[in-house]
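Chemist: To start, I am sharing the structure in question, which I have written as structure tokens.
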Amino acid sequence: MIILFGVAGLAFGWFVYSRFIAEKIYQLDPDFQTPAHELSDGVDYVPTNKYVLWGHHFTSVAGAAPIVGPAIAVYWGWLPALLWVVFGTIFFAGVHDMGALWASTRNKGKSIGALSENVIGKRTRSLFLIVIFLLLLMVNAVFGVVIANGFVGTPGSVFPAWMAIAVALVIGQLLRRNYSLMLLTAAGVAILYFSIWAGTFIEISLPDSLFGLAPSANWIIILFIYAAIASMLPVWVLLQPRDFINGMQLIVGLILLYGAVLLTMPDMVAPAFNTQTAEGTPSIFPLLFVTIACGAISGFHGIVASGTSSKQLDKETDARFVGYLGAVGEGSLALITIVAVCTVAYAASPDQWHTLYAEFSDGGAPAFVAGGAALIGTSWPGISEGFAQVLLATMVALFAGTTMDSGVRLQRYIIQEWGDIYGIKLFKSGLAATIVAVVACLLLAFGAGGSSGAGGMIIWPLFGATNQILASLTLLVITVMLIKMGRPSFYTLIPMIFVLITSFLAGMLQLVSFYNEGNYLLVFLDFVVLVVSVLVMLEAASVVSKLKKDRAASESAS
């Protein structure tokens, strides 16, 4: 019933609500010349098949977040998590992601931070870019740790994760030579799954100590070297085909997971509302709405949509398919995650579930891999639980890797935009901007985390509230655009207000918590984000007020 409810809701969002928003609110125009055509350069601005672009966009925004967030949030009970995932996807995430794509496409592919200058004002742009850079710094540094830990914990995932890069490079070249997309998709997915099977026999591990660093720290360095190279390559060489193949791999994974639920009909062992929470458990309101971000709504999606995806949009009408359906894909992953960690596949009884979920932070990607692997292994003939575990661990690593690829590329864009804004010639260079981006991430990773390279985890507690505040600011820019164009703004204004209130309250609660813990770095950063959000809101209110006065004066004069 949970699956049926969720799928029905997401289907309504895609077939009904997204069509209404696309046609009546954003009024997507198939004849509008997109930046991919107007500014085509063969590197960043590249007109792209909407199916390939959907794969890039979806896997870039997904990362591990639609798995980790719901797998943690079910600690409060599966029902609140389910409702936020389903209704958040329909009325919040889809509208936000498609809107960010549309807004950027209408402004020459500018990032949401840069285009805020056109919509609200110069001061807003500078404030926006600070929040975006901080968020990207967190995402890149932490996802490097997530992938590295995954490689160390599941050595069988290393071979297929790197094999996916080789497959993507070949597919990228063949697509440029107009080979059949369907044929390449089938071949690419088949090779990828063969490599996953091979990974169960080919386990790759780094030495316990190499250059005086632990294996996880060396993996972090290797991953950032790769991300730097990938971020400078033309998008069609690696980014697009890799993300597309990963997207197709996820579809197969979702079919296996959803099919497993329908085949086995597992019982829910987690409570709808958890009344046995540990002392010190954070309040469900407002923290539920920042714990589950990707899978409901996420500010990071707006950065990707306006940073890379808008530069590849072939037709403006493709924004619905890429943006809204990308959000639906994330919602479906979050939905199956809830089921995987709350059924007998993960815990044999309610008592065992409460033992496994003794504390708020006990869930996460490991719970999803364990529960999902048990679901698949006990329902599909010929698929062992061990193979399913490598498959899901690889899926998490590939998603996090694609997010890192896009994240470093987006950081490079931000630094180049700073170069244009402030006249810094060095920052205008793609190579120099990439080096600055990677060095900033490594300084955070090793400067704050020492030889472990886990420094990103120090500021990660800020991610939830910061990410959702950015989502509200993105919706604010879209709302002001709609008001300026004389279109209905209700459908973006209401989600914006809700997300702003919940994320701002979460930020305030965390500010108090950080202060009580004596963590003054997080106090400072949290304070900066909160102040920036207030200043942007005040700037926007001033712009809207001026618009209303000008219209009133115009109407009275006429």
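Each chain of the structure tokens is named A, B, ... in the order shown, its residues numbered from 1; ligands are numbered from 1 in display order.
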Determine which residues of segment 257-369 of chain A DSSP labels as alpha helix (DSSP H) from the backbone of this structure, then write them out as a count of residues only.

Modeler: 57

Chemist: With the cut-off set at 8 Å and counting only C-alpha atoms, tabulate each residue of segment 218-267 of chain A with an atom at most that distance from an atom of segment 421-434 of chain A, showing the nearest atom pair and its distance in Å to one decimal, ordered by chain and increasing number, as CSV.

Modeler:
residue,atom,partner,partner_atom,distance
A:Ala228,CA,A:Thr434,CA,6.3
A:Ser231,CA,A:Thr434,CA,7.6
A:Met232,CA,A:Gly430,CA,7.2

Chemist: Using only C-alpha atoms, which of A:Ser310, A:Ser216, A:Thr59, A:Gln411 sits nearest Leu250 of chain A?

Modeler: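 Distance minimum relative to Leu250 of chain A lands on A:Thr59.
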
Chemist: Using only C-alpha atoms, determine which residues lie at most 8 Å from segment 472-489 of chain A, disregarding the query and same-chain residues fewer than 6 positions distant; provide the list as number ranges by chain.

Modeler: A: 25-26, 96, 99-100, 103, 112, 116, 119-120, 299, 302, 495-497, 499-500, 533, 536-537, 540, 544, 547

Chemist: Between A:Val43, A:Leu325, A:Leu257, A:Leu192, which is the closest to Val237 of chain A once you count only C-alpha atoms?

Modeler: A:Val43

Chemist: Excluding same-chain residues fewer than 4 positions from Ser349 of chain A, what lies within 9 Å of it counting only C-alpha atoms, as a ChimeraX atom specification?

Modeler: /A:268-270,343-344,353-354
